[in-house]
Each structure stands twice: as structure tokens, then as C-alpha cells.
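Have a look at input07.cif; it's mmCIF, N, CA and C atoms:
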```cif
data_entry
#
loop_
_atom_site.label_atom_id
_atom_site.label_comp_id
_atom_site.auth_asym_id
_atom_site.auth_seq_id
_atom_site.Cartn_x
_atom_site.Cartn_y
_atom_site.Cartn_z
N MET A 298 -16.71 -4.00 -11.50
CA MET A 298 -15.83 -3.88 -10.34
C MET A 298 -16.64 -3.38 -9.16
N LYS A 299 -16.36 -3.97 -8.00
CA LYS A 299 -17.00 -3.52 -6.77
C LYS A 299 -15.92 -3.25 -5.74
N ILE A 300 -15.84 -1.99 -5.28
CA ILE A 300 -14.94 -1.66 -4.17
C ILE A 300 -15.68 -1.99 -2.89
N GLU A 301 -15.05 -2.84 -2.07
CA GLU A 301 -15.68 -3.32 -0.84
C GLU A 301 -15.42 -2.41 0.36
N ARG A 302 -14.22 -1.83 0.42
CA ARG A 302 -13.86 -0.98 1.56
C ARG A 302 -12.46 -0.42 1.32
N ILE A 303 -12.04 0.50 2.17
CA ILE A 303 -10.64 0.90 2.17
C ILE A 303 -9.89 -0.22 2.86
N GLU A 304 -8.99 -0.86 2.17
CA GLU A 304 -8.23 -1.99 2.72
C GLU A 304 -7.16 -1.47 3.67
N HIS A 305 -6.38 -0.51 3.18
CA HIS A 305 -5.36 0.09 4.05
C HIS A 305 -4.89 1.43 3.48
N ILE A 306 -4.22 2.16 4.34
CA ILE A 306 -3.53 3.38 3.94
C ILE A 306 -2.06 3.11 4.17
N GLY A 307 -1.25 3.26 3.12
CA GLY A 307 0.18 3.03 3.19
C GLY A 307 0.92 4.30 3.55
N ILE A 308 1.79 4.21 4.57
CA ILE A 308 2.54 5.38 5.03
C ILE A 308 4.03 5.05 4.98
N ALA A 309 4.77 5.84 4.22
CA ALA A 309 6.22 5.66 4.09
C ALA A 309 6.90 6.23 5.32
N VAL A 310 7.80 5.44 5.92
CA VAL A 310 8.54 5.87 7.11
C VAL A 310 10.02 5.57 6.92
N SER A 311 10.84 6.38 7.56
CA SER A 311 12.29 6.18 7.48
C SER A 311 12.76 5.09 8.43
N ASN A 312 12.11 4.99 9.59
CA ASN A 312 12.53 4.03 10.61
C ASN A 312 11.30 3.31 11.13
N LEU A 313 11.17 2.05 10.77
CA LEU A 313 9.98 1.27 11.11
C LEU A 313 9.82 1.12 12.62
N GLU A 314 10.90 0.85 13.33
CA GLU A 314 10.81 0.67 14.78
C GLU A 314 10.30 1.92 15.47
N GLU A 315 10.82 3.08 15.08
CA GLU A 315 10.37 4.35 15.68
C GLU A 315 8.91 4.60 15.33
N ALA A 316 8.52 4.31 14.11
CA ALA A 316 7.14 4.53 13.69
C ALA A 316 6.18 3.60 14.45
N ILE A 317 6.57 2.34 14.61
CA ILE A 317 5.74 1.39 15.38
C ILE A 317 5.57 1.91 16.80
N SER A 318 6.65 2.37 17.39
CA SER A 318 6.60 2.89 18.75
C SER A 318 5.62 4.04 18.85
N PHE A 319 5.64 4.97 17.89
CA PHE A 319 4.70 6.09 17.89
C PHE A 319 3.27 5.59 17.84
N TYR A 320 2.96 4.70 16.90
CA TYR A 320 1.59 4.21 16.74
C TYR A 320 1.11 3.46 17.98
N GLU A 321 2.03 2.73 18.62
CA GLU A 321 1.64 1.97 19.81
C GLU A 321 1.55 2.86 21.06
N LYS A 322 2.56 3.69 21.30
CA LYS A 322 2.62 4.47 22.54
C LYS A 322 1.76 5.72 22.51
N VAL A 323 1.69 6.38 21.37
CA VAL A 323 0.93 7.63 21.29
C VAL A 323 -0.51 7.38 20.87
N LEU A 324 -0.72 6.53 19.88
CA LEU A 324 -2.08 6.31 19.37
C LEU A 324 -2.77 5.09 19.98
N ASN A 325 -2.04 4.34 20.82
CA ASN A 325 -2.58 3.16 21.50
C ASN A 325 -3.09 2.08 20.54
N LEU A 326 -2.45 1.97 19.39
CA LEU A 326 -2.76 0.90 18.44
C LEU A 326 -1.76 -0.23 18.65
N THR A 327 -2.11 -1.43 18.18
CA THR A 327 -1.25 -2.58 18.33
C THR A 327 -0.77 -3.07 16.98
N CYS A 328 0.53 -3.18 16.83
CA CYS A 328 1.10 -3.76 15.62
C CYS A 328 0.84 -5.26 15.66
N TYR A 329 0.12 -5.77 14.66
CA TYR A 329 -0.21 -7.19 14.68
C TYR A 329 0.63 -8.01 13.70
N ALA A 330 1.39 -7.35 12.83
CA ALA A 330 2.21 -8.12 11.88
C ALA A 330 3.33 -7.24 11.33
N ILE A 331 4.48 -7.85 11.17
CA ILE A 331 5.62 -7.23 10.48
C ILE A 331 6.04 -8.22 9.40
N GLU A 332 6.25 -7.71 8.20
CA GLU A 332 6.55 -8.59 7.07
C GLU A 332 7.49 -7.88 6.10
N GLU A 333 8.43 -8.62 5.55
CA GLU A 333 9.28 -8.07 4.50
C GLU A 333 8.78 -8.60 3.16
N VAL A 334 8.61 -7.69 2.21
CA VAL A 334 8.23 -8.06 0.85
C VAL A 334 9.45 -7.76 -0.01
N THR A 335 10.26 -8.79 -0.23
CA THR A 335 11.57 -8.59 -0.85
C THR A 335 11.49 -8.05 -2.26
N ASP A 336 10.53 -8.51 -3.06
CA ASP A 336 10.48 -8.04 -4.45
C ASP A 336 10.06 -6.57 -4.53
N GLN A 337 9.47 -6.02 -3.47
CA GLN A 337 9.11 -4.60 -3.45
C GLN A 337 10.12 -3.79 -2.63
N LYS A 338 11.14 -4.47 -2.10
CA LYS A 338 12.22 -3.82 -1.34
C LYS A 338 11.66 -2.99 -0.18
N VAL A 339 10.79 -3.65 0.61
CA VAL A 339 10.12 -2.95 1.69
C VAL A 339 9.87 -3.89 2.87
N LYS A 340 9.88 -3.30 4.05
CA LYS A 340 9.47 -3.99 5.27
C LYS A 340 8.23 -3.27 5.77
N THR A 341 7.20 -4.04 6.14
CA THR A 341 5.92 -3.45 6.51
C THR A 341 5.53 -3.79 7.94
N ALA A 342 4.72 -2.95 8.52
CA ALA A 342 4.09 -3.20 9.81
C ALA A 342 2.63 -2.81 9.70
N PHE A 343 1.75 -3.61 10.29
CA PHE A 343 0.31 -3.39 10.15
C PHE A 343 -0.38 -3.13 11.48
N PHE A 344 -1.36 -2.22 11.41
CA PHE A 344 -2.22 -1.88 12.54
C PHE A 344 -3.65 -1.89 12.04
N LYS A 345 -4.59 -2.34 12.87
CA LYS A 345 -6.00 -2.30 12.50
C LYS A 345 -6.68 -1.12 13.18
N VAL A 346 -7.51 -0.44 12.41
CA VAL A 346 -8.36 0.63 12.93
C VAL A 346 -9.74 0.33 12.37
N GLY A 347 -10.57 -0.34 13.15
CA GLY A 347 -11.85 -0.83 12.63
C GLY A 347 -11.57 -1.88 11.56
N GLU A 348 -12.21 -1.73 10.41
CA GLU A 348 -11.98 -2.67 9.30
C GLU A 348 -10.80 -2.26 8.43
N THR A 349 -10.29 -1.05 8.65
CA THR A 349 -9.20 -0.52 7.82
C THR A 349 -7.87 -0.75 8.51
N LYS A 350 -6.84 -0.93 7.71
CA LYS A 350 -5.50 -1.11 8.25
C LYS A 350 -4.63 0.09 7.90
N ILE A 351 -3.65 0.30 8.74
CA ILE A 351 -2.56 1.23 8.46
C ILE A 351 -1.35 0.35 8.16
N GLU A 352 -0.70 0.59 7.03
CA GLU A 352 0.50 -0.15 6.64
C GLU A 352 1.68 0.82 6.65
N LEU A 353 2.60 0.61 7.59
CA LEU A 353 3.83 1.39 7.60
C LEU A 353 4.82 0.72 6.67
N LEU A 354 5.53 1.50 5.87
CA LEU A 354 6.44 0.97 4.86
C LEU A 354 7.83 1.57 5.04
N GLU A 355 8.81 0.71 5.31
CA GLU A 355 10.20 1.14 5.41
C GLU A 355 10.98 0.50 4.27
N SER A 356 11.74 1.29 3.56
CA SER A 356 12.51 0.77 2.44
C SER A 356 13.66 -0.10 2.94
N THR A 357 13.89 -1.20 2.24
CA THR A 357 15.06 -2.03 2.53
C THR A 357 16.18 -1.76 1.53
N ASP A 358 15.93 -0.84 0.59
CA ASP A 358 16.90 -0.47 -0.44
C ASP A 358 16.61 0.97 -0.86
N PRO A 359 17.61 1.86 -0.77
CA PRO A 359 17.36 3.25 -1.15
C PRO A 359 16.87 3.43 -2.58
N GLU A 360 17.14 2.44 -3.44
CA GLU A 360 16.69 2.51 -4.83
C GLU A 360 15.31 1.90 -5.03
N GLY A 361 14.72 1.35 -3.97
CA GLY A 361 13.38 0.79 -4.05
C GLY A 361 12.34 1.90 -4.10
N PRO A 362 11.09 1.56 -4.39
CA PRO A 362 10.06 2.58 -4.54
C PRO A 362 9.84 3.44 -3.28
N ILE A 363 9.89 2.85 -2.11
CA ILE A 363 9.69 3.63 -0.88
C ILE A 363 10.92 4.49 -0.60
N GLY A 364 12.11 3.95 -0.84
CA GLY A 364 13.33 4.74 -0.67
C GLY A 364 13.32 5.97 -1.56
N LYS A 365 12.93 5.80 -2.82
CA LYS A 365 12.87 6.92 -3.76
C LYS A 365 11.77 7.92 -3.35
N PHE A 366 10.65 7.38 -2.88
CA PHE A 366 9.54 8.24 -2.45
C PHE A 366 10.00 9.14 -1.29
N ILE A 367 10.64 8.55 -0.28
CA ILE A 367 11.07 9.32 0.89
C ILE A 367 12.13 10.34 0.49
N GLU A 368 13.03 9.94 -0.40
CA GLU A 368 14.07 10.88 -0.85
C GLU A 368 13.45 12.09 -1.54
N LYS A 369 12.41 11.85 -2.34
CA LYS A 369 11.79 12.92 -3.13
C LYS A 369 10.77 13.74 -2.32
N LYS A 370 9.95 13.05 -1.52
CA LYS A 370 8.83 13.72 -0.86
C LYS A 370 8.88 13.70 0.66
N GLY A 371 9.76 12.89 1.23
CA GLY A 371 9.79 12.74 2.68
C GLY A 371 8.79 11.71 3.16
N GLU A 372 8.77 11.51 4.46
CA GLU A 372 7.84 10.55 5.05
C GLU A 372 6.40 11.05 4.89
N GLY A 373 5.48 10.11 4.86
CA GLY A 373 4.08 10.50 4.81
C GLY A 373 3.23 9.50 4.05
N ILE A 374 2.01 9.90 3.76
CA ILE A 374 1.09 9.00 3.08
C ILE A 374 1.64 8.67 1.70
N HIS A 375 1.73 7.38 1.43
CA HIS A 375 2.27 6.89 0.16
C HIS A 375 1.15 6.47 -0.79
N HIS A 376 0.14 5.74 -0.27
CA HIS A 376 -0.94 5.28 -1.13
C HIS A 376 -2.19 4.93 -0.33
N ILE A 377 -3.28 4.82 -1.06
CA ILE A 377 -4.52 4.30 -0.49
C ILE A 377 -4.87 3.03 -1.25
N ALA A 378 -5.29 2.02 -0.50
CA ALA A 378 -5.60 0.72 -1.10
C ALA A 378 -7.07 0.39 -0.88
N PHE A 379 -7.72 -0.04 -1.95
CA PHE A 379 -9.11 -0.44 -1.90
C PHE A 379 -9.21 -1.95 -2.07
N ALA A 380 -10.01 -2.60 -1.22
CA ALA A 380 -10.32 -4.01 -1.40
C ALA A 380 -11.37 -4.11 -2.50
N VAL A 381 -11.09 -4.96 -3.49
CA VAL A 381 -12.03 -5.17 -4.59
C VAL A 381 -12.42 -6.63 -4.64
N ASP A 382 -13.57 -6.89 -5.22
CA ASP A 382 -14.06 -8.26 -5.29
C ASP A 382 -13.28 -9.11 -6.29
N ASP A 383 -12.81 -8.51 -7.37
CA ASP A 383 -12.07 -9.24 -8.41
C ASP A 383 -11.00 -8.30 -8.97
N ILE A 384 -9.76 -8.51 -8.56
CA ILE A 384 -8.69 -7.58 -8.94
C ILE A 384 -8.41 -7.61 -10.44
N ASP A 385 -8.47 -8.76 -11.06
CA ASP A 385 -8.23 -8.83 -12.51
C ASP A 385 -9.26 -7.98 -13.25
N LEU A 386 -10.51 -8.13 -12.89
CA LEU A 386 -11.58 -7.36 -13.50
C LEU A 386 -11.42 -5.87 -13.19
N ALA A 387 -11.07 -5.55 -11.94
CA ALA A 387 -10.92 -4.15 -11.53
C ALA A 387 -9.84 -3.46 -12.35
N LEU A 388 -8.70 -4.13 -12.54
CA LEU A 388 -7.62 -3.53 -13.33
C LEU A 388 -8.03 -3.35 -14.79
N LYS A 389 -8.66 -4.36 -15.37
CA LYS A 389 -9.09 -4.27 -16.77
C LYS A 389 -10.14 -3.18 -16.97
N GLU A 390 -11.10 -3.13 -16.05
CA GLU A 390 -12.16 -2.14 -16.16
C GLU A 390 -11.61 -0.72 -16.02
N THR A 391 -10.70 -0.54 -15.08
CA THR A 391 -10.11 0.78 -14.86
C THR A 391 -9.29 1.21 -16.07
N GLU A 392 -8.51 0.28 -16.62
CA GLU A 392 -7.72 0.60 -17.81
C GLU A 392 -8.63 0.95 -18.99
N SER A 393 -9.75 0.24 -19.11
CA SER A 393 -10.67 0.52 -20.23
C SER A 393 -11.28 1.92 -20.13
N LYS A 394 -11.22 2.51 -18.95
CA LYS A 394 -11.73 3.87 -18.74
C LYS A 394 -10.63 4.92 -18.93
N GLY A 395 -9.48 4.47 -19.46
CA GLY A 395 -8.40 5.41 -19.79
C GLY A 395 -7.41 5.68 -18.68
N VAL A 396 -7.44 4.90 -17.62
CA VAL A 396 -6.51 5.09 -16.51
C VAL A 396 -5.26 4.25 -16.76
N ARG A 397 -4.11 4.89 -16.65
CA ARG A 397 -2.82 4.19 -16.82
C ARG A 397 -2.56 3.31 -15.60
N LEU A 398 -2.18 2.07 -15.86
CA LEU A 398 -1.87 1.12 -14.80
C LEU A 398 -0.37 1.02 -14.59
N ILE A 399 0.05 0.87 -13.35
CA ILE A 399 1.43 0.50 -13.05
C ILE A 399 1.57 -1.01 -13.21
N ASP A 400 0.55 -1.73 -12.76
CA ASP A 400 0.54 -3.19 -12.85
C ASP A 400 -0.56 -3.64 -13.81
N GLN A 401 -0.16 -4.20 -14.94
CA GLN A 401 -1.13 -4.73 -15.90
C GLN A 401 -1.79 -6.00 -15.37
N ILE A 402 -1.03 -6.78 -14.64
CA ILE A 402 -1.55 -7.99 -14.01
C ILE A 402 -1.22 -7.93 -12.52
N PRO A 403 -2.06 -8.52 -11.68
CA PRO A 403 -1.81 -8.46 -10.24
C PRO A 403 -0.50 -9.16 -9.86
N ARG A 404 0.07 -8.69 -8.75
CA ARG A 404 1.28 -9.32 -8.21
C ARG A 404 1.05 -9.58 -6.73
N LYS A 405 1.98 -10.31 -6.13
CA LYS A 405 1.88 -10.65 -4.72
C LYS A 405 2.25 -9.46 -3.85
N GLY A 406 1.41 -9.19 -2.87
CA GLY A 406 1.69 -8.13 -1.91
C GLY A 406 1.79 -8.69 -0.51
N ALA A 407 1.90 -7.82 0.47
CA ALA A 407 1.96 -8.23 1.87
C ALA A 407 0.66 -8.93 2.26
N GLU A 408 0.72 -9.73 3.29
CA GLU A 408 -0.40 -10.47 3.84
C GLU A 408 -1.04 -11.42 2.83
N GLY A 409 -0.30 -11.81 1.81
CA GLY A 409 -0.79 -12.77 0.83
C GLY A 409 -1.82 -12.22 -0.14
N LEU A 410 -1.99 -10.91 -0.17
CA LEU A 410 -2.96 -10.31 -1.07
C LEU A 410 -2.42 -10.21 -2.49
N LYS A 411 -3.31 -10.23 -3.46
CA LYS A 411 -2.97 -9.89 -4.84
C LYS A 411 -3.18 -8.39 -4.96
N ILE A 412 -2.21 -7.70 -5.53
CA ILE A 412 -2.29 -6.24 -5.60
C ILE A 412 -2.02 -5.74 -7.01
N GLY A 413 -2.48 -4.54 -7.28
CA GLY A 413 -2.20 -3.85 -8.54
C GLY A 413 -2.35 -2.36 -8.32
N PHE A 414 -1.39 -1.59 -8.84
CA PHE A 414 -1.39 -0.14 -8.64
C PHE A 414 -1.83 0.60 -9.90
N LEU A 415 -2.52 1.72 -9.67
CA LEU A 415 -2.90 2.65 -10.73
C LEU A 415 -1.94 3.83 -10.68
N HIS A 416 -1.62 4.39 -11.83
CA HIS A 416 -0.64 5.47 -11.88
C HIS A 416 -1.23 6.76 -11.31
N PRO A 417 -0.50 7.44 -10.40
CA PRO A 417 -1.05 8.65 -9.78
C PRO A 417 -1.30 9.80 -10.76
N LYS A 418 -0.67 9.78 -11.94
CA LYS A 418 -0.94 10.84 -12.92
C LYS A 418 -2.37 10.77 -13.44
N ASN A 419 -3.02 9.61 -13.27
CA ASN A 419 -4.40 9.45 -13.71
C ASN A 419 -5.38 9.30 -12.56
N THR A 420 -4.91 9.46 -11.33
CA THR A 420 -5.79 9.29 -10.17
C THR A 420 -5.71 10.51 -9.25
N LEU A 421 -5.68 11.69 -9.86
CA LEU A 421 -5.67 12.96 -9.13
C LEU A 421 -4.49 13.08 -8.18
N GLY A 422 -3.35 12.48 -8.57
CA GLY A 422 -2.13 12.59 -7.79
C GLY A 422 -2.01 11.62 -6.63
N VAL A 423 -2.97 10.71 -6.48
CA VAL A 423 -2.96 9.76 -5.38
C VAL A 423 -2.60 8.37 -5.91
N LEU A 424 -1.47 7.83 -5.45
CA LEU A 424 -1.14 6.45 -5.81
C LEU A 424 -2.22 5.55 -5.24
N THR A 425 -2.87 4.81 -6.12
CA THR A 425 -4.03 4.01 -5.73
C THR A 425 -3.73 2.54 -5.99
N GLU A 426 -4.10 1.72 -5.02
CA GLU A 426 -3.84 0.28 -5.10
C GLU A 426 -5.17 -0.47 -4.99
N PHE A 427 -5.31 -1.53 -5.77
CA PHE A 427 -6.40 -2.46 -5.61
C PHE A 427 -5.83 -3.70 -4.95
N CYS A 428 -6.60 -4.31 -4.03
CA CYS A 428 -6.19 -5.53 -3.33
C CYS A 428 -7.31 -6.55 -3.37
N SER A 429 -6.92 -7.80 -3.44
CA SER A 429 -7.90 -8.88 -3.38
C SER A 429 -7.24 -10.10 -2.77
N ASN A 430 -8.02 -10.86 -2.01
CA ASN A 430 -7.48 -12.11 -1.47
C ASN A 430 -7.94 -13.31 -2.26
N LYS A 431 -8.56 -13.06 -3.41
CA LYS A 431 -9.01 -14.16 -4.28
C LYS A 431 -7.97 -14.47 -5.32
#
```
Structure rendered as C-alpha cells:
Amino acid sequence: MKIERIEHIGIAVSNLEEAISFYEKVLNLTCYAIEEVTDQKVKTAFFKVGETKIELLESTDPEGPIGKFIEKKGEGIHHIAFAVDDIDLALKETESKGVRLIDQIPRKGAEGLKIGFLHPKNTLGVLTEFCSNK
């Protein structure tokens, strides 16, 4: 497995429009894409900061993962995502090292990426995502 870069940092927000406004007006960043990922019950907005992206995540269902996260922990950093050269290999290799996976096989994520999450109980409390466009 080769980690190429930090792909994005996911931030859970209660109100996507207000969060976009903050990032644009206060931080002078530009939202370049808004996308709903229905199977994950989330609406996303993306900003580029160099090669890394910020992904804002608003729940479309209180019972979805972001809705539950905000209810339990409030708004804030939800996950860190690493771009990997081969997501299938990265997941298998990580699991072989004793790390519990949330996703045994990659699934479709925002921006057409293949994604897979590692369980935060095995990643020092940080929800970790692997992403690949292959």
C-alpha cells in the first residue's frame, strides 16, 4: 500500500449553507462542488486547499452516520481521508495488520471515488478513510 497524500478532511456540519458561507466569506475559499450521496445519507460541499480538500458533510437523515455523529459529538472533524494507489490492496493489507475495517470492500463515495473506512477503535480514535479513483 502506498499513501499518496491527504485526500480530504471531512467536517460534520449542521447547516451546509451556513458552513459554505463561513468558508467562503471568512476563509476566502471557493466551494467548487456540492453533491448528495444518497446511500450515505449526506450532502457534501468541497473546497480545495493546495492538493488537499475540505469536505463539509451535512446529514440528510438524522439516523444517518453524520446525523448520529452530530447528535453524539456535535459539529467538527469527522474523518481524515488518505488517497491510496490501490484501495483494495490498502484495505486487505490494513486488515492483515489487525485493524478492524468498517468496509471490507470499497464502495462509491463523493466525486466518483472508491472509498473504504477503518474503524476508529483501531486507529487511535480517528475515523480513517482510504480513497482511490482507480
Report as a PyMOL selection string the residues that result from applying the PyMOL selection byres (((chain A and resi 310 and name CA) around 8) and name CA) to the structure here. chain A and resi 308-309+311-313+316+353-356+367+372-373
Quick one: distance from atom CA of Glu368 of chain A to atom CA of Ile306 of chain A in Å, one decimal?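 Between atom CA of Glu368 of chain A and atom CA of Ile306 of chain A the gap works out to 19.7 Å.
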Can you turn the PyMOL selection byres ((chain A and resi 345) around 8) into a concrete residue list for this file, as a short mmCIF file (atom, residue, chain, number, x, y, z; two decimals) with N, CA and C atoms, in the coordinates of the input?
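And here is the file that came out, out-v3.cif:
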```
data_model
loop_
_atom_site.label_atom_id
_atom_site.label_comp_id
_atom_site.auth_asym_id
_atom_site.auth_seq_id
_atom_site.Cartn_x
_atom_site.Cartn_y
_atom_site.Cartn_z
N LEU A 326 -2.45 1.97 19.39
CA LEU A 326 -2.76 0.90 18.44
C LEU A 326 -1.76 -0.23 18.65
N THR A 327 -2.11 -1.43 18.18
CA THR A 327 -1.25 -2.58 18.33
C THR A 327 -0.77 -3.07 16.98
N CYS A 328 0.53 -3.18 16.83
CA CYS A 328 1.10 -3.76 15.62
C CYS A 328 0.84 -5.26 15.66
N TYR A 329 0.12 -5.77 14.66
CA TYR A 329 -0.21 -7.19 14.68
C TYR A 329 0.63 -8.01 13.70
N ALA A 330 1.39 -7.35 12.83
CA ALA A 330 2.21 -8.12 11.88
C ALA A 330 3.33 -7.24 11.33
N ALA A 342 4.72 -2.95 8.52
CA ALA A 342 4.09 -3.20 9.81
C ALA A 342 2.63 -2.81 9.70
N PHE A 343 1.75 -3.61 10.29
CA PHE A 343 0.31 -3.39 10.15
C PHE A 343 -0.38 -3.13 11.48
N PHE A 344 -1.36 -2.22 11.41
CA PHE A 344 -2.22 -1.88 12.54
C PHE A 344 -3.65 -1.89 12.04
N VAL A 346 -7.51 -0.44 12.41
CA VAL A 346 -8.36 0.63 12.93
C VAL A 346 -9.74 0.33 12.37
N GLY A 347 -10.57 -0.34 13.15
CA GLY A 347 -11.85 -0.83 12.63
C GLY A 347 -11.57 -1.88 11.56
N GLU A 348 -12.21 -1.73 10.41
CA GLU A 348 -11.98 -2.67 9.30
C GLU A 348 -10.80 -2.26 8.43
N THR A 349 -10.29 -1.05 8.65
CA THR A 349 -9.20 -0.52 7.82
C THR A 349 -7.87 -0.75 8.51
N LYS A 350 -6.84 -0.93 7.71
CA LYS A 350 -5.50 -1.11 8.25
C LYS A 350 -4.63 0.09 7.90
N ILE A 351 -3.65 0.30 8.74
CA ILE A 351 -2.56 1.23 8.46
C ILE A 351 -1.35 0.35 8.16
N GLU A 352 -0.70 0.59 7.03
CA GLU A 352 0.50 -0.15 6.64
C GLU A 352 1.68 0.82 6.65
#
```
Rows by chain and residue number, segment 316-354 of chain A within 7 Å of segment 391-414 of chain A, shortest pair, all atoms listed in the file, as a tab-separated table:
```
residue	atom	partner	partner_atom	distance
A:Glu332	CA	A:Ala407	CA	6.9
A:Glu333	C	A:Ala407	CA	7.0
A:Val334	CA	A:Ala407	N	6.3
```
Store the residues picked out above, limited to N, CA and C atoms, as a compact mmCIF listing (two decimals), keeping the file's coordinate frame.
```txt
# COMPACT_ATOMS: atom_id res chain seq x y z
N GLU A 332 6.25 -7.71 8.20
CA GLU A 332 6.55 -8.59 7.07
C GLU A 332 7.49 -7.88 6.10
N GLU A 333 8.43 -8.62 5.55
CA GLU A 333 9.28 -8.07 4.50
C GLU A 333 8.78 -8.60 3.16
N VAL A 334 8.61 -7.69 2.21
CA VAL A 334 8.23 -8.06 0.85
C VAL A 334 9.45 -7.76 -0.01
```
Which neighbours of Phe379 of chain A fall inside 6.5 Å, counting only N, CA and C atoms, when residues of the same chain fewer than 2 positions from it are skipped, and could you give them as a PyMOL selection string? chain A and resi 300-305+377+381+425-429
Members of segment 352-386 of chain A assigned helix (DSSP H, G or I) by DSSP, as a list in words: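 For segment 352-386 of chain A, the helix (DSSP H, G or I) set is Pro362, Ile363, Gly364, Lys365, Phe366, Ile367, Glu368, Lys369, Lys370, Ile384, Asp385 and Leu386 of chain A.
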Among listed residues A:Lys338, A:His376, A:Asp358, A:Ile317, nearest Thr420 of chain A (using only C-alpha atoms):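 Result for the nearest residue to Thr420 of chain A: A:His376.
What separates atom N of Leu388 of chain A from atom CA of Lys340 of chain A is a distance of 25.4 Å.
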In Å and to one decimal, atom CA of Asp385 of chain A is distant from atom CA of Gly364 of chain A by 28.1 Å
Could you tell me, as a PyMOL selection string, which residues of chain A DSSP assigns to strand (DSSP E or B) when given the backbone? chain A and resi 300-310+328-334+339-346+349-356+373-381+398+404-405+411-415+425-429
Selection: 7 Å around Lys299 of chain A, all atoms listed in the file, excl. self and same-chain fewer than 5 positions, as a list in words: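 The filter keeps Ala380, Val381, Asp382, Asp383 and Ala387 of chain A.
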Where's the centre, and what are the edge lengths in Å to one decimal, of a box along x, y and z enclosing all listed atoms of segment 349-367 of chain A padded 8 Å per side, as AutoDock Vina command-line options?
```
--center_x 3.7 --center_y 4.2 --center_z 1.9 --size_x 43.9 --size_y 28.4 --size_z 29.8
```
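Comparing the minimum interatomic distances between Ala378 of chain A and each of A:Asn419, A:Pro362, A:Gly307, A:Ser318, counting all atoms listed in the file, we find that A:Gly307 sits nearest.
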